[in-house]
Number of protein chains: 4
Amino acid sequence: MPSIPVGILGATGMVGQQFIALLADHPWFEVAYLGASERSAGKRFTEAAAWRLPNRLPDDVASRVVETAAPGTAPKLVFSGLDSSVAGEIEAEFAKAGHIVVSNSRNYRMFDTVPLMIPEVNADHLKLLDAQGAAQGWSGRIITNPNCATVVLAMALAPLRQFGLTSTLVTTLQAISGAGYPGVPSWDILGNVIPHIGGGEEEKIETETKKILGSLASAAVQNHPVRLSATTTRVPVQNGHTGSISIGLEQKPNPEAVIDAWRAFRGRPQELDLPSAPKQPLVYLEEANRPQPLLDVNREGGMTVSIGRLRRCQLFDYKFVALGHNTIRGAAGAAILNAELLHAEGLL
Amino acid sequence: MPSIPVGILGATGMVGQQFIALLADHPWFEVAYLGASERSAGKRFTEAAAWRLPNRLPDDVASRVVETAAPGTAPKLVFSGLDSSVAGEIEAEFAKAGHIVVSNSRNYRMFDTVPLMIPEVNADHLKLLDAQGAAQGWSGRIITNPNCATVVLAMALAPLRQFGLTSTLVTTLQAISGAGYPGVPSWDILGNVIPHIGGGEEEKIETETKKILGSLASAAVQNHPVRLSATTTRVPVQNGHTGSISIGLEQKPNPEAVIDAWRAFRGRPQELDLPSAPKQPLVYLEEANRPQPLLDVNREGGMTVSIGRLRRCQLFDYKFVALGHNTIRGAAGAAILNAELLHAEGLL
Amino acid sequence: MPSIPVGILGATGMVGQQFIALLADHPWFEVAYLGASERSAGKRFTEAAAWRLPNRLPDDVASRVVETAAPGTAPKLVFSGLDSSVAGEIEAEFAKAGHIVVSNSRNYRMFDTVPLMIPEVNADHLKLLDAQGAAQGWSGRIITNPNCATVVLAMALAPLRQFGLTSTLVTTLQAISGAGYPGVPSWDILGNVIPHIGGGEEEKIETETKKILGSLASAAVQNHPVRLSATTTRVPVQNGHTGSISIGLEQKPNPEAVIDAWRAFRGRPQELDLPSAPKQPLVYLEEANRPQPLLDVNREGGMTVSIGRLRRCQLFDYKFVALGHNTIRGAAGAAILNAELLHAEGLL
Amino acid sequence: MPSIPVGILGATGMVGQQFIALLADHPWFEVAYLGASERSAGKRFTEAAAWRLPNRLPDDVASRVVETAAPGTAPKLVFSGLDSSVAGEIEAEFAKAGHIVVSNSRNYRMFDTVPLMIPEVNADHLKLLDAQGAAQGWSGRIITNPNCATVVLAMALAPLRQFGLTSTLVTTLQAISGAGYPGVPSWDILGNVIPHIGGGEEEKIETETKKILGSLASAAVQNHPVRLSATTTRVPVQNGHTGSISIGLEQKPNPEAVIDAWRAFRGRPQELDLPSAPKQPLVYLEEANRPQPLLDVNREGGMTVSIGRLRRCQLFDYKFVALGHNTIRGAAGAAILNAELLHAEGLL
């Protein structure tokens with residue numbers, strides 16, 4: 001087993017805490033550095049942050065002293081759960097200094113030479129890294145994962161590209177954990193629906209999905225031509241983003257073919273048997289009332305996306321429902337899978 | 001002021017209780033009869049049912065003895081909140097016996113000569129009643145209101161017919177009160193989303209809306225040609241069904257014209273100044289995060305539908321969000337407005 | 001009808017908004033001044049704050065320009081919903097400048113010459129105002145209402161003083177609205193219980209209750225000798241603080257006598273027929289599963305405290321459950337009732 | 001490893017499902033029989049019941065045919081999650097027929113010769129089984145675990161007996177899963193508190209706790225003399241019963257001694273290293289706002305009870321908060337630990 005030291009940028013935030021939780025028993029990666037704002041620097045982790053996850057906080061992380069997130073003492077591989085207000089600058093500093101930054105932040109996702117990865121979907125986009133150094137002037141690299149709602153959609157759509165995916169309309173019902181901490185005030189969401197998510201959530205879904213599903217042509221990603229329209233809502237659910245999705249498909253497959261495509265879907269993480277890779281990235285549930293966050297969100301450690309209710313749409317070809325774990329598959333788990341892919345492909 | 005005695009069929013159920021609550025201070029109608037199943041018959045209301053609304057239970061209703069729901073002693077005008085498993089038979093008995101049955105049940109909604117009414121939208125459909133007696137063999141009449149999710153959609157679409165409404169795709173986020181009592185187990189819905197509502201909810205929305213928006217031609221309703229696709233979900237909200245809606249419009253109005261159409265929308269209840277008619281049936285909210293159930297569902301006593309977030313849709317012409325009170329505008333209040341219309345039009 | 005101009009300090013906060021909502025149709029008081037922090041000053045109310053209540057925001061308030069909360073242009077009577085971090089200084093400035101400050105903040109509640117009022121319970125404590133000017137060096141006055149959880153407890157206990165109240169143990173289940181906005185993060189409370197409320201909530205209940213129930217002796221309050229122990233918890237409820245209460249009574253009344261004492265309880269607001277006074281300040285509910293926030297919190301406009309489940313306690317004499325509306329009876333409504341009392345007693 | 005076949009009575013209910021989930025990977029017990037009502041008999045499990053847990057339903061259980069719960073083909077050891085309306089009769093039939101019935105139902109808990117067990121607390125009560133056969137006329141035996149709220153309380157109190165426990169007052173905040181399925185309607189509990197739990201919940205806590213904490217004297221349990229008073233409430237929490245507890249202790253230990261007693265607490269399951277035994281049955285949390293259901297309920301697989309907030313009580317000696325998993329430590333997990341103890345003690 002390799003033992004690769006890793007750093008976490010934004011370690012005291014909720015994505016940072018999720019990184020710590022998921023890396024606690026990781027077979028390859030070992031947390032060796034916690035970076036946060038100056039306010040936290042110099043304190044032990046437990047003094048700098050309240051641990052807000054049901055998982056056990058590992059003792060060695062609990063007592064580790066948090067440092068100001070800046071290159072210098074950090075390991076080569078760093079995970080970033082930094083808030084987007086600071087991620088742009090800090091991640092670039094690390095990349096310049098030669099670090100591999102595996103980031104969950106949105107700042108560099110749409111940069112031409114930055115891979116926006118779902119390893120099962122577009123592992124070949126890693127080739128963008130070849131050009132990144134020259135394009136950005138970095139000796140290190142940045143690799144990103146998508147927005148938490150984008151992941152669910154893009155994974156469900158990926159195996160449908162073979163049928164000529166032309167259009168996608170999605171309404172999401174998103175969990176409160178997607179907004180971090182303190183995030184959504186209970187005053188706003190208890191027993192309520194907020195039909196809007198700030199920070200350009202709908203635009204992120206629309207633009208990121210096209211890049212993820214796009215194909216690599218001469219070291220650049222050509223966006224997938226699917227036409228996309230998203231409405232995002234917040235619902236009083238702890239974990240799990242649900243999408244109600246309609247799709248147009250050129251080749252008019254029958255429902256069995258669509259379900260088979262989901263069930264048969266595998267990617268590079270499954271080939272490489274990466275530690276965080278689910279055996280089955282997409283599960284189709286036959287029950288009429290599934291998937292549901294409470295029952296399905298933690299399938300395969302939260303790394304599997306669950307799909308159900310495939311049926312004809314009167315306006316497109318099909319409609320269905322998809323669900324994924326927003327802080328695991330949609331954030332920290334996604335980044336860790338990206339790092340595992342980098343390691344397995346010899347890019348660390 | 002007229003004082004018109006009315007009966008309530010299914011008085012002990014949740015729609016029945018909502019009838020009682022809304023009629024407590026009604027200027028025209030006075031509850032003079034409570035009909036329920038044999039199990040409840042002979043008991044005072046408070047013995048037959050637990051009162052489950054925050055509204056005050058009127059003393060005279062509390063002490064009134066419940067009767068078996070059957071024609072005989074009931075007033076001419078009866079409201080029906082009967083469960084659909086028994087509404088078909090019982091409502092027909094009442095209609096045969098000469099009663100005017102104003103029903104919230106689904107059983108007769110799609111019958112050719114039964115008006116499926118939203119008084120602001122299709123008051124002229126009352127003319128169907130002329131042919132109902134002969135067609136059904138009833139000396140009385142049955143008039144119905146739509147499914148609780150249909151109302152919200154149909155009201156939002158009604159003023160858009162002028163722009164050549166061609167297609168509508170809706171995903172609903174529906175409150176638990178729509179399922180009555182005991183209804184949705186908390187085990188299933190607390191902190192969860194159920195992406196399915198039983199009893200053919202999606203089909204009801206698709207078929208009922210076309211009839212409601214349809215035009216009257218030679219004493220029959222010609223369905224509106226809009227193509228409709230619905231996905232329905234249950235969310236942990238007490239009251240208020242939200243819809244995320246995309247629409248195609250032939251005439252390509254600009255956004256201001258669409259909003260103006262909603263704001264200017266009035267109908268027969270406003271002309272007649274009916275007691276339960278909202279001054280403004282449709283409100284458009286400018287804030288980016290509205291409408292919300294907690295904040296907007298009780299507008300004008302729960303009889304106004306709130307709309308927000310109008311914006312271009314990449315796949316249709318526009319998308320927006322609409323919200324209405326499912327047990328008031330979508331059930332008991334809808335039926336009472338129907339009855340007020342009947343009275344004002346001299347049809348009682 | 002008098003038309004008395006009033007100011008609201010802390011107008012943009014949630015208590016301030018509740019003041020605005022409750023004063024919208026008040027027969028005596030008219031909002032003529034909105035005071036807030038410098039950050040809000042100079043803006044119209046709707047620009048300075050997002051309106052977060054389901055009640056309609058009155059047009060005249062919506063367009064009124066917010067001023068920096070400082071004496072000068074404000075009316076003589078001001079309501080204060082200021083945060084306790086600033087209330088101490090600002091309220092004192094107003095009192096020095098001759099204003100009557102009716103405050104919901106905690107800062108002056110326990111001052112010897114400041115009345116801590118529940119008008120039904122201790123209207124005679126107004127006499128403390130006689131000595132306040134000299135003691136504090138103020139030409140105006142400050143009068144306060146209790147903490148939102150204290151009100152529920154103190155009202156339920158007040159009529160039991162006649163039986164020789166010796167001890168009270170209470171566990172509260174408090175609504176999230178008690179923490180204001182943004183208040184409790186949904187991350188912390190959705191589907192959860194937090195067995196602690198910050199800011200000394202338990203101590204406030206223990207000390208304030210003794211002062212409120214105390215008797216006036218030579219222009220000072222002698223604390224009631226009841227021994228009190230409080231545990232406070234937060235639960236995912238929008239509005240309504242529930243208390244599970246055990247009490248020791250010297251005189252060992254039978255249960256009927258206790259219930260009669262609650263039901264017969266009236267005070268000065270009822271004698272004076274004050275606009276915000278409930279006809280019946282305390283209601284006892286016979287049903288085994290009441291009171292409940294959803295069903296009972298809005299009784300008499302949220303000004304009535306509901307009690308239920310009186311039964312023998314194996315360790316004290318009785319135990320029971322009490323519920324009150326924390327932002328109405330426990331905050332803005334409490335202050336308004338205080339101001340009404342001041343006016344009716346000729347103290348404005 | 002032994003491989004002991006076990007049956008589950010009431011297999012389709014929620015306690016039955018929890019048995020199935022917890023036994024899925026059990027090192028000793030293997031599910032070999034599913035018993036339920038006649039309505040389910042003859043159907044495969046997945047046809048007889050909807051699986052309502054997030055855990056994976058094991059394939060062999062999924063396809064196993066459910067039988068009518070009656071002696072005959074069942075293994076010697078059966079777990080019972082039967083509803084109390086039928087458990088009395090059916091469990092007695094199994095006991096008569098020679099089965100060892102490890103029951104979660106309340107029917108036999110208070111019988112003189114039936115052990116009411118928390119293995120860490122009163123493993124010696126197993127000796128009651130010696131007299132049970134003759135007393136009841138059974139060739140088999142019945143052993144029971146407590147009510148789900150009792151477990152939390154009794155475990156927290158057990159190590160305090162050494163200090164002379166004299167009195168205990170508890171208010172519980174109980175999760176909805178304690179009521180099974182369909183259980184609590186969402187109409188009643190969403191955003192609400194119900195200050196009452198039916199079925200004699202408070203009496204169960206008061207009587208069961210005394211038996212559990214009692215000592216064995218000449219083959220009978222002498223109830224512990226602690227005076228107990230319980231109030232039970234339902235809150236919108238999925239899993240985890242919280243108790244706010246005040247206690248009187250004769251010996252007046254200091255807080256450190258109390259906390260040490262909790263932390264040092266171990267019992268027979270830890271000595272025997274039983275598969276379901278938590279390493280530490282009681283955890284004391286130092287944070288001011290703990291324990292919380294969302295964060296602490298699953299500690300050690302849901303078998304550890306978490307305690308916090310120990311402080312002086314003005315009326316008793318101390319007050320604190322305790323939390324346990326009601327369907328694991330308080331139901332199926334409790335029964336499985338009982339069966340493990342039986343096996344390890346050679347009583348199967």
# chains A, B, ... in the order shown; residues from 1 in each chain; ligands from 1
>>> interface_residues(of="chain C", to="chain A", cutoff="12 Å", atoms="only C-alpha atoms", output="ChimeraX atom specification")
/C:14,50-54,175-192,234-239,294
>>> write_last_selection(atoms="C-alpha atoms", output="short mmCIF file (atom, residue, chain, number, x, y, z; two decimals), in the first residue's frame")
data_model
loop_
_atom_site.label_atom_id
_atom_site.label_comp_id
_atom_site.auth_asym_id
_atom_site.auth_seq_id
_atom_site.Cartn_x
_atom_site.Cartn_y
_atom_site.Cartn_z
CA MET C 14 -36.77 39.76 13.42
CA ALA C 50 -35.61 41.38 3.66
CA TRP C 51 -39.11 40.95 5.05
CA ARG C 52 -39.23 37.44 6.48
CA LEU C 53 -42.73 37.11 7.88
CA PRO C 54 -45.81 35.68 6.20
CA ALA C 175 -38.79 26.90 18.52
CA ILE C 176 -36.11 28.10 16.16
CA SER C 177 -37.71 31.53 15.75
CA GLY C 178 -36.60 32.29 19.27
CA ALA C 179 -33.06 32.63 17.98
CA GLY C 180 -33.89 35.32 15.43
CA TYR C 181 -32.38 35.50 11.95
CA PRO C 182 -30.21 33.91 10.67
CA GLY C 183 -30.30 32.20 14.04
CA VAL C 184 -30.10 28.42 14.12
CA PRO C 185 -28.42 26.86 11.06
CA SER C 186 -30.59 24.20 9.44
CA TRP C 187 -27.50 21.98 9.44
CA ASP C 188 -27.83 21.85 13.24
CA ILE C 189 -31.53 21.47 13.79
CA LEU C 190 -33.21 19.72 10.84
CA GLY C 191 -34.37 16.38 12.25
CA ASN C 192 -32.41 17.07 15.42
CA ARG C 234 -34.06 23.55 20.76
CA VAL C 235 -36.37 21.53 18.52
CA PRO C 236 -37.26 21.82 14.83
CA VAL C 237 -40.44 23.83 15.36
CA GLN C 238 -41.11 27.19 13.72
CA ASN C 239 -43.00 28.97 16.48
CA LEU C 294 -48.94 23.58 15.28
#
>>> residues_around(residues="His26 in chain B", least_positions_apart="2", cutoff="12 Å", atoms="only C-alpha atoms", output="MDAnalysis selection string")
chainID B and resid 1:6 19:24 28:31 58 274:276 333 336:337 339:340
>>> write_last_selection(atoms="N, CA, C and O atoms", output="compact mmCIF listing (two decimals), in the first residue's frame")
# COMPACT_ATOMS: atom_id res chain seq x y z
N MET B 1 -78.24 39.60 3.47
CA MET B 1 -77.41 38.39 3.37
C MET B 1 -78.30 37.14 3.31
O MET B 1 -79.16 36.95 4.18
N PRO B 2 -78.04 36.32 2.36
CA PRO B 2 -78.76 35.05 2.35
C PRO B 2 -78.25 34.18 3.49
O PRO B 2 -77.14 34.36 3.97
N SER B 3 -79.02 33.25 3.95
CA SER B 3 -78.51 32.24 4.89
C SER B 3 -78.92 30.90 4.32
O SER B 3 -80.06 30.48 4.43
N ILE B 4 -77.99 30.27 3.68
CA ILE B 4 -78.26 29.05 2.92
C ILE B 4 -77.71 27.86 3.69
O ILE B 4 -76.51 27.78 3.94
N PRO B 5 -78.59 26.95 4.09
CA PRO B 5 -78.09 25.77 4.81
C PRO B 5 -77.32 24.86 3.86
O PRO B 5 -77.70 24.68 2.71
N VAL B 6 -76.21 24.33 4.36
CA VAL B 6 -75.41 23.41 3.55
C VAL B 6 -75.05 22.18 4.35
O VAL B 6 -75.01 22.21 5.59
N PHE B 19 -63.59 22.26 5.20
CA PHE B 19 -64.89 22.89 4.88
C PHE B 19 -65.46 23.57 6.12
O PHE B 19 -65.91 24.71 6.09
N ILE B 20 -65.45 22.83 7.23
CA ILE B 20 -66.01 23.39 8.47
C ILE B 20 -65.27 24.66 8.86
O ILE B 20 -65.88 25.67 9.23
N ALA B 21 -63.96 24.63 8.76
CA ALA B 21 -63.16 25.80 9.16
C ALA B 21 -63.48 27.00 8.27
O ALA B 21 -63.67 28.12 8.75
N LEU B 22 -63.54 26.78 6.95
CA LEU B 22 -63.74 27.90 6.03
C LEU B 22 -65.17 28.42 6.06
O LEU B 22 -65.43 29.57 5.71
N LEU B 23 -66.12 27.56 6.45
CA LEU B 23 -67.52 28.00 6.49
C LEU B 23 -67.89 28.62 7.84
O LEU B 23 -69.01 29.10 8.00
N ALA B 24 -66.95 28.61 8.78
CA ALA B 24 -67.28 29.05 10.15
C ALA B 24 -67.87 30.46 10.17
O ALA B 24 -68.82 30.73 10.91
N TRP B 28 -72.82 33.57 3.61
CA TRP B 28 -73.99 33.00 2.94
C TRP B 28 -74.37 31.61 3.45
O TRP B 28 -75.54 31.30 3.59
N PHE B 29 -73.34 30.79 3.66
CA PHE B 29 -73.60 29.37 3.90
C PHE B 29 -73.51 29.04 5.40
O PHE B 29 -72.63 29.52 6.10
N GLU B 30 -74.42 28.19 5.82
CA GLU B 30 -74.44 27.80 7.23
C GLU B 30 -74.47 26.28 7.30
O GLU B 30 -75.34 25.64 6.70
N VAL B 31 -73.54 25.71 8.03
CA VAL B 31 -73.45 24.25 8.11
C VAL B 31 -74.65 23.72 8.89
O VAL B 31 -74.85 24.06 10.06
N PRO B 58 -66.07 25.51 15.39
CA PRO B 58 -67.26 26.24 15.87
C PRO B 58 -68.09 25.37 16.82
O PRO B 58 -68.25 24.16 16.60
N LEU B 274 -67.47 37.66 -5.20
CA LEU B 274 -67.87 36.52 -4.37
C LEU B 274 -67.10 36.54 -3.05
O LEU B 274 -65.95 36.99 -2.99
N PRO B 275 -67.73 36.07 -1.98
CA PRO B 275 -67.10 36.18 -0.66
C PRO B 275 -65.71 35.55 -0.57
O PRO B 275 -64.84 36.08 0.12
N SER B 276 -65.49 34.42 -1.22
CA SER B 276 -64.19 33.75 -1.12
C SER B 276 -63.23 34.15 -2.24
O SER B 276 -62.12 33.62 -2.31
N GLY B 333 -61.59 25.41 -0.25
CA GLY B 333 -61.86 26.77 -0.70
C GLY B 333 -62.31 26.81 -2.15
O GLY B 333 -63.16 27.62 -2.54
N ILE B 336 -65.96 25.80 -2.21
CA ILE B 336 -66.82 26.87 -1.69
C ILE B 336 -66.96 27.99 -2.73
O ILE B 336 -68.05 28.53 -2.94
N LEU B 337 -65.87 28.31 -3.41
CA LEU B 337 -65.97 29.33 -4.47
C LEU B 337 -66.89 28.84 -5.58
O LEU B 337 -67.67 29.63 -6.14
N ALA B 339 -69.47 26.93 -5.17
CA ALA B 339 -70.83 27.06 -4.67
C ALA B 339 -71.29 28.52 -4.67
O ALA B 339 -72.45 28.83 -4.98
N GLU B 340 -70.36 29.40 -4.35
CA GLU B 340 -70.69 30.83 -4.38
C GLU B 340 -71.05 31.25 -5.80
O GLU B 340 -71.97 32.04 -6.01
>>> closest_residue(among="A:Ser105, A:Leu165, A:Ala219, A:His196", to="Gln132 in chain A", atoms="only C-alpha atoms")
A:Ala219
>>> atom_distance(atom1="CA of Asn104 in chain A", atom2="CA of Asp25 in chain A")
20.5 Å
>>> atom_distance(atom1="CA of His343 in chain C", atom2="CA of Leu282 in chain C")
23.7 Å
>>> closest_residue(among="A:Ala134, A:Ile8, A:Leu157, A:Ala74", to="Ala261 in chain A", atoms="only C-alpha atoms")
A:Leu157
>>> residues_around(residues="Ile328 in chain B", least_positions_apart="2", cutoff="10 Å", atoms="only C-alpha atoms", output="JSON, numbers by chain")
{"B": [15, 18, 19, 22, 148, 239, 240, 297, 298, 301, 302, 303, 304, 324, 325, 326, 330, 331, 332, 333, 334, 335, 336]}
>>> residues_around(residues="Thr73 in chain C", least_positions_apart="6", cutoff="12 Å", atoms="only C-alpha atoms", output="PDB file with all heavy atoms, in the first residue's frame")
ATOM      1  N   PRO C   5     -47.942  58.092  17.931  1.00  0.00           N
ATOM      2  CA  PRO C   5     -46.791  57.714  17.091  1.00  0.00           C
ATOM      3  C   PRO C   5     -45.799  56.911  17.928  1.00  0.00           C
ATOM      4  O   PRO C   5     -45.551  57.219  19.085  1.00  0.00           O
ATOM      5  CB  PRO C   5     -46.200  59.052  16.661  1.00  0.00           C
ATOM      6  CG  PRO C   5     -46.634  60.022  17.699  1.00  0.00           C
ATOM      7  CD  PRO C   5     -47.955  59.528  18.226  1.00  0.00           C
ATOM      8  N   VAL C   6     -45.250  55.871  17.318  1.00  0.00           N
ATOM      9  CA  VAL C   6     -44.247  55.060  18.013  1.00  0.00           C
ATOM     10  C   VAL C   6     -43.054  54.824  17.106  1.00  0.00           C
ATOM     11  O   VAL C   6     -43.159  54.856  15.881  1.00  0.00           O
ATOM     12  CB  VAL C   6     -44.821  53.691  18.450  1.00  0.00           C
ATOM     13  CG1 VAL C   6     -46.047  53.867  19.336  1.00  0.00           C
ATOM     14  CG2 VAL C   6     -45.144  52.818  17.249  1.00  0.00           C
ATOM     15  N   GLY C   7     -41.923  54.596  17.739  1.00  0.00           N
ATOM     16  CA  GLY C   7     -40.723  54.225  17.003  1.00  0.00           C
ATOM     17  C   GLY C   7     -40.377  52.770  17.263  1.00  0.00           C
ATOM     18  O   GLY C   7     -40.809  52.174  18.255  1.00  0.00           O
ATOM     19  N   ALA C  32     -44.060  55.451  13.331  1.00  0.00           N
ATOM     20  CA  ALA C  32     -43.659  56.742  12.785  1.00  0.00           C
ATOM     21  C   ALA C  32     -42.143  56.883  12.701  1.00  0.00           C
ATOM     22  O   ALA C  32     -41.634  57.944  12.342  1.00  0.00           O
ATOM     23  CB  ALA C  32     -44.241  57.862  13.644  1.00  0.00           C
ATOM     24  N   TYR C  33     -41.452  55.823  13.068  1.00  0.00           N
ATOM     25  CA  TYR C  33     -39.992  55.921  13.133  1.00  0.00           C
ATOM     26  C   TYR C  33     -39.412  54.518  13.115  1.00  0.00           C
ATOM     27  O   TYR C  33     -39.883  53.634  13.841  1.00  0.00           O
ATOM     28  CB  TYR C  33     -39.579  56.644  14.419  1.00  0.00           C
ATOM     29  CG  TYR C  33     -38.095  56.659  14.708  1.00  0.00           C
ATOM     30  CD1 TYR C  33     -37.281  57.705  14.253  1.00  0.00           C
ATOM     31  CD2 TYR C  33     -37.503  55.625  15.443  1.00  0.00           C
ATOM     32  CE1 TYR C  33     -35.914  57.713  14.530  1.00  0.00           C
ATOM     33  CE2 TYR C  33     -36.141  55.629  15.722  1.00  0.00           C
ATOM     34  CZ  TYR C  33     -35.353  56.670  15.257  1.00  0.00           C
ATOM     35  OH  TYR C  33     -34.007  56.676  15.530  1.00  0.00           O
ATOM     36  N   LEU C  34     -38.398  54.333  12.292  1.00  0.00           N
ATOM     37  CA  LEU C  34     -37.684  53.059  12.249  1.00  0.00           C
ATOM     38  C   LEU C  34     -36.215  53.327  12.527  1.00  0.00           C
ATOM     39  O   LEU C  34     -35.566  54.060  11.769  1.00  0.00           O
ATOM     40  CB  LEU C  34     -37.825  52.404  10.868  1.00  0.00           C
ATOM     41  CG  LEU C  34     -39.249  52.129  10.382  1.00  0.00           C
ATOM     42  CD1 LEU C  34     -39.217  51.608   8.943  1.00  0.00           C
ATOM     43  CD2 LEU C  34     -39.953  51.125  11.289  1.00  0.00           C
ATOM     44  N   GLY C  35     -35.719  52.759  13.594  1.00  0.00           N
ATOM     45  CA  GLY C  35     -34.312  52.953  13.932  1.00  0.00           C
ATOM     46  C   GLY C  35     -33.545  51.649  13.793  1.00  0.00           C
ATOM     47  O   GLY C  35     -34.045  50.585  14.165  1.00  0.00           O
ATOM     48  N   VAL C  66     -35.208  54.270   6.991  1.00  0.00           N
ATOM     49  CA  VAL C  66     -34.670  53.847   8.280  1.00  0.00           C
ATOM     50  C   VAL C  66     -33.654  54.889   8.754  1.00  0.00           C
ATOM     51  O   VAL C  66     -32.888  55.424   7.960  1.00  0.00           O
ATOM     52  CB  VAL C  66     -34.004  52.465   8.136  1.00  0.00           C
ATOM     53  CG1 VAL C  66     -33.363  52.023   9.453  1.00  0.00           C
ATOM     54  CG2 VAL C  66     -35.015  51.435   7.649  1.00  0.00           C
ATOM     55  N   GLU C  67     -33.678  55.166  10.057  1.00  0.00           N
ATOM     56  CA  GLU C  67     -32.725  56.118  10.629  1.00  0.00           C
ATOM     57  C   GLU C  67     -31.769  55.389  11.585  1.00  0.00           C
ATOM     58  O   GLU C  67     -32.071  54.300  12.069  1.00  0.00           O
ATOM     59  CB  GLU C  67     -33.471  57.218  11.395  1.00  0.00           C
ATOM     60  CG  GLU C  67     -34.487  57.933  10.501  1.00  0.00           C
ATOM     61  CD  GLU C  67     -35.205  59.079  11.223  1.00  0.00           C
ATOM     62  OE1 GLU C  67     -34.553  59.779  12.023  1.00  0.00           O
ATOM     63  OE2 GLU C  67     -36.412  59.243  10.970  1.00  0.00           O
ATOM     64  N   PHE C  94     -31.773  56.650  24.855  1.00  0.00           N
ATOM     65  CA  PHE C  94     -33.163  57.073  24.674  1.00  0.00           C
ATOM     66  C   PHE C  94     -33.812  57.426  26.011  1.00  0.00           C
ATOM     67  O   PHE C  94     -34.572  58.399  26.103  1.00  0.00           O
ATOM     68  CB  PHE C  94     -33.964  55.975  23.946  1.00  0.00           C
ATOM     69  CG  PHE C  94     -33.848  56.038  22.452  1.00  0.00           C
ATOM     70  CD1 PHE C  94     -32.764  55.454  21.783  1.00  0.00           C
ATOM     71  CD2 PHE C  94     -34.797  56.703  21.692  1.00  0.00           C
ATOM     72  CE1 PHE C  94     -32.655  55.520  20.389  1.00  0.00           C
ATOM     73  CE2 PHE C  94     -34.696  56.781  20.305  1.00  0.00           C
ATOM     74  CZ  PHE C  94     -33.620  56.185  19.652  1.00  0.00           C
ATOM     75  N   ALA C  97     -32.742  60.694  27.187  1.00  0.00           N
ATOM     76  CA  ALA C  97     -33.307  61.769  26.372  1.00  0.00           C
ATOM     77  C   ALA C  97     -34.809  61.921  26.564  1.00  0.00           C
ATOM     78  O   ALA C  97     -35.458  62.673  25.834  1.00  0.00           O
ATOM     79  CB  ALA C  97     -32.973  61.522  24.899  1.00  0.00           C
ATOM     80  N   HIS C  99     -37.249  59.453  26.473  1.00  0.00           N
ATOM     81  CA  HIS C  99     -38.156  58.511  25.820  1.00  0.00           C
ATOM     82  C   HIS C  99     -38.662  57.448  26.789  1.00  0.00           C
ATOM     83  O   HIS C  99     -37.995  57.103  27.768  1.00  0.00           O
ATOM     84  CB  HIS C  99     -37.442  57.810  24.656  1.00  0.00           C
ATOM     85  CG  HIS C  99     -37.141  58.732  23.519  1.00  0.00           C
ATOM     86  ND1 HIS C  99     -38.029  58.982  22.497  1.00  0.00           N
ATOM     87  CD2 HIS C  99     -36.043  59.493  23.243  1.00  0.00           C
ATOM     88  CE1 HIS C  99     -37.493  59.826  21.635  1.00  0.00           C
ATOM     89  NE2 HIS C  99     -36.281  60.170  22.071  1.00  0.00           N
TER      90      HIS C  99
END
>>> atom_distance(atom1="CA of Thr168 in chain A", atom2="CA of Ser246 in chain A")
5.6 Å
>>> select_by_dssp(residues="range 281-319 of chain A", states="helix (DSSP H, G or I)", output="NGL selection string")
:A and (293-296 or 299-302)
>>> residues_around(residues="Leu173 in chain C", least_positions_apart="6", cutoff="8 Å", atoms="only C-alpha atoms", output="list in words")
Thr232, Thr233, Arg234, Val235, His241, Thr242 and Gly243 of chain C
